[in-house]
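> Here it is, the structure in full.
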Amino acid sequence: MRPSPDPVWILFRRRSFSRLAYWCLVLGFDLRDRSLNNRFYFVYFCAFWFAWVVAVFALLGSALSGYFESLPVVSPLAIVVSLGAFILAAWGLAQLWQGTGRSPFVFSEPDAYLLCQAPVSRRSVGLAWFLMDWFGTALLFAAGAVLFSFALTEAALPHAATFWNLPAYFAR
Amino acid sequence: MPILQATGLSHSYGSFQALAPTDLALNAGEISVLEGPNGSGKSTLMLCLSGLLRPTTGEIHVNGRDLYADEPEAKRALAFMPDVPRFYAELTAWEHLRFLALAHNVAEGFEARAEALLREFDLWEARDLLPHHYSRGMSLKLGLLFALIRPFKVLLLDEPTSALDGDSTRLFIRRLSELRGQGAAVLLSTHDPDLKIGLADRVYFLKNGLLNAA
């Protein structure tokens, strides 16, 4: 007999899917539409947003690398490492400060009346809420890392970037 | 021995004492009705007994387990239906019932039990709807099914018939009588005199946070 699924992770999956569906809808794609046309459209949707993200990050990276080069003596890599460490430390301290005032886990009303009233594994709840709440933060850090990486790539190029330099952005 | 025993239970919102120190015992196979005017502290008492609102003073034991020190085990025996049932926006009525059956480790035979309950309460056709599409009466019935889908020893009901039609109220009364016969301890907060006449083994009256046996 198959073991019963953990209700906490069922809720986690449904809630994550719901958030993903919301953001996809904001960007122009309905995840719940299972038609063939929508599947073809999905390919276009991914290609469009991939190109958009690369273009925007390359543009921002270019501006950032220009700023790095204007700084005397210090290498762009050293700046990125210091800046990354500073942002991580500042974010960690801000979280620590916030953690002194309230629980790191925030439950909604339905959570209080349904989930917290049930004898589910408290460990599963803690882990699922940790992942759910921190996913947005991780995405921001990922965006920052890509931006720095693109800026370093731009700084390392011997000339102005062209389309043919595109592989270098992904190699770093 | 009572299945639910509250001792010295009180709750204050800041300097306002909503519930004066109170002792309350709910026995197996008994339905206790809680009456009182609006703002008398009925919902505060219900929330404290359910574990959703930590009392300012006092202790609550459910089936011999301390509600706060041994929370999961105590809540295994306790079911609470609030006056406004809360639902997840992501789950249908059926999925809510499945979620609760899994959470209470009674997934075996779930489909048959859920179907029987949904048909009995006339929600079968609406089982795949998200509950925020439900009317208030349907929401209350679904809220009651959240309790009935899994085993419990104590059932707390906060104004459960406030939006039910006549047939649904009669069904509800019949169901509560059956639960009493099966040995459940029920605390029912209501303004409905028919419920009191039809069901009450004990009546408590709450006014200005003071609980008295009527």
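Identifiers for the structure tokens are assigned positionally: chains receive A, B, ... in sequence, residues are indexed from 1 per chain, and ligands are indexed from 1 in the order shown.
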Can you tell me which residues surround Ser177 (chain B) at a distance of at most 12 Å, considering only C-alpha atoms, apart from same-chain residues fewer than 5 positions away, and format the answer as a list in words?

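Counting only the stated atoms, we get Gly29, Glu30, Ile31, Ser32, Arg170, Leu171, Phe172, Gln182, Gly183, Ala184, Ala185, Val186, Leu195, Gly198, Leu199, Ala200 and Asp201 of chain B.
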
> Got time to write the residues from that selection, C-alpha atoms, as a PDB file, in the first residue's frame?


ATOM      1  CA  GLY B  29     -22.100  11.998  25.756  1.00  0.00           C
ATOM      2  CA  GLU B  30     -23.323  15.434  26.805  1.00  0.00           C
ATOM      3  CA  ILE B  31     -24.298  18.512  24.867  1.00  0.00           C
ATOM      4  CA  SER B  32     -23.694  21.768  26.706  1.00  0.00           C
ATOM      5  CA  ARG B 170     -33.039  19.674  11.551  1.00  0.00           C
ATOM      6  CA  LEU B 171     -30.289  17.592   9.932  1.00  0.00           C
ATOM      7  CA  PHE B 172     -27.776  19.339  12.141  1.00  0.00           C
ATOM      8  CA  GLN B 182     -21.516   8.024  20.258  1.00  0.00           C
ATOM      9  CA  GLY B 183     -19.978   9.599  23.374  1.00  0.00           C
ATOM     10  CA  ALA B 184     -18.783  12.965  22.081  1.00  0.00           C
ATOM     11  CA  ALA B 185     -18.712  15.985  24.385  1.00  0.00           C
ATOM     12  CA  VAL B 186     -20.234  18.981  22.606  1.00  0.00           C
ATOM     13  CA  LEU B 195     -31.360  24.209  19.612  1.00  0.00           C
ATOM     14  CA  GLY B 198     -33.878  20.175  21.366  1.00  0.00           C
ATOM     15  CA  LEU B 199     -30.356  19.383  22.426  1.00  0.00           C
ATOM     16  CA  ALA B 200     -29.139  20.810  25.724  1.00  0.00           C
ATOM     17  CA  ASP B 201     -28.111  18.518  28.565  1.00  0.00           C
TER      18      ASP B 201
END

> Contacts of region 50-64 of chain A at 10 Å or less, counting only C-alpha atoms, minus same-chain residues fewer than 4 places along, as a PDB file with C-alpha atoms, in the first residue's frame?


ATOM      1  CA  TYR A  44       7.023  31.928 -27.521  1.00  0.00           C
ATOM      2  CA  PHE A  45       6.377  33.179 -23.954  1.00  0.00           C
ATOM      3  CA  CYS A  46       9.577  31.565 -22.638  1.00  0.00           C
ATOM      4  CA  PHE A  68      33.201  49.928 -11.716  1.00  0.00           C
ATOM      5  CA  GLU A  69      35.695  51.085 -14.358  1.00  0.00           C
ATOM      6  CA  SER A  70      35.296  54.686 -13.261  1.00  0.00           C
ATOM      7  CA  PRO A  76      35.683  45.036 -10.536  1.00  0.00           C
ATOM      8  CA  ALA A 143      18.779  38.438  -9.817  1.00  0.00           C
ATOM      9  CA  GLY A 144      21.522  40.349  -8.006  1.00  0.00           C
ATOM     10  CA  VAL A 146      23.162  37.564 -12.409  1.00  0.00           C
ATOM     11  CA  LEU A 147      23.501  41.350 -12.525  1.00  0.00           C
ATOM     12  CA  PHE A 148      26.960  41.254 -10.934  1.00  0.00           C
ATOM     13  CA  SER A 149      27.999  38.391 -13.181  1.00  0.00           C
ATOM     14  CA  PHE A 150      26.909  40.295 -16.305  1.00  0.00           C
ATOM     15  CA  ALA A 151      28.722  43.425 -15.062  1.00  0.00           C
ATOM     16  CA  LEU A 152      31.929  41.423 -14.571  1.00  0.00           C
ATOM     17  CA  THR A 153      31.560  39.913 -18.054  1.00  0.00           C
ATOM     18  CA  GLU A 154      31.173  43.388 -19.549  1.00  0.00           C
ATOM     19  CA  ALA A 155      34.192  44.631 -17.614  1.00  0.00           C
ATOM     20  CA  ALA A 160      32.054  47.050 -26.513  1.00  0.00           C
ATOM     21  CA  ALA A 161      29.766  44.003 -26.283  1.00  0.00           C
ATOM     22  CA  LEU A 166      26.443  36.498 -25.837  1.00  0.00           C
ATOM     23  CA  TYR A 169      27.554  36.037 -20.416  1.00  0.00           C
ATOM     24  CA  PHE A 170      26.486  32.450 -19.753  1.00  0.00           C
TER      25      PHE A 170
END

> Here is a test: counting only C-alpha atoms, which residue of B:Leu140, B:Ala107, B:Met1, B:Ala18 is nearest to chain A?

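Counting only C-alpha atoms, the residue closest to chain A is B:Ala107.
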
> Tell me which of A:Pro119, A:Gly136, A:Gly28, A:Pro110 sits closest to Tyr41 (chain A), counting only C-alpha atoms.

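Ranking A:Pro119, A:Gly136, A:Gly28, A:Pro110 by distance to Tyr41 (chain A), first place goes to A:Gly28.
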
> Dump as CSV the rows for residues of region 1-118 of chain A within 12 Å of region 53-63 of chain B: closest atom pair and distance in Å with one decimal, only C-alpha atoms counted, ordered by chain and rising residue number.


residue,atom,partner,partner_atom,distance
A:Ala112,CA,B:Leu53,CA,10.2
A:Tyr113,CA,B:Leu53,CA,11.0
A:Cys116,CA,B:Leu53,CA,11.8
A:Gln117,CA,B:Leu53,CA,11.6

> What would the file look like if the residues just selected were written as an mmCIF file, in the first residue's frame with C-alpha atoms?


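Contents of the output file selection-v3.cif:
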data_model
loop_
_atom_site.group_PDB
_atom_site.id
_atom_site.type_symbol
_atom_site.label_atom_id
_atom_site.label_comp_id
_atom_site.auth_asym_id
_atom_site.auth_seq_id
_atom_site.Cartn_x
_atom_site.Cartn_y
_atom_site.Cartn_z
ATOM 1 C CA ALA A 112 -4.658 29.054 11.985
ATOM 2 C CA TYR A 113 -8.094 27.417 11.733
ATOM 3 C CA CYS A 116 -2.594 24.682 13.141
ATOM 4 C CA GLN A 117 -5.656 22.857 14.513
#
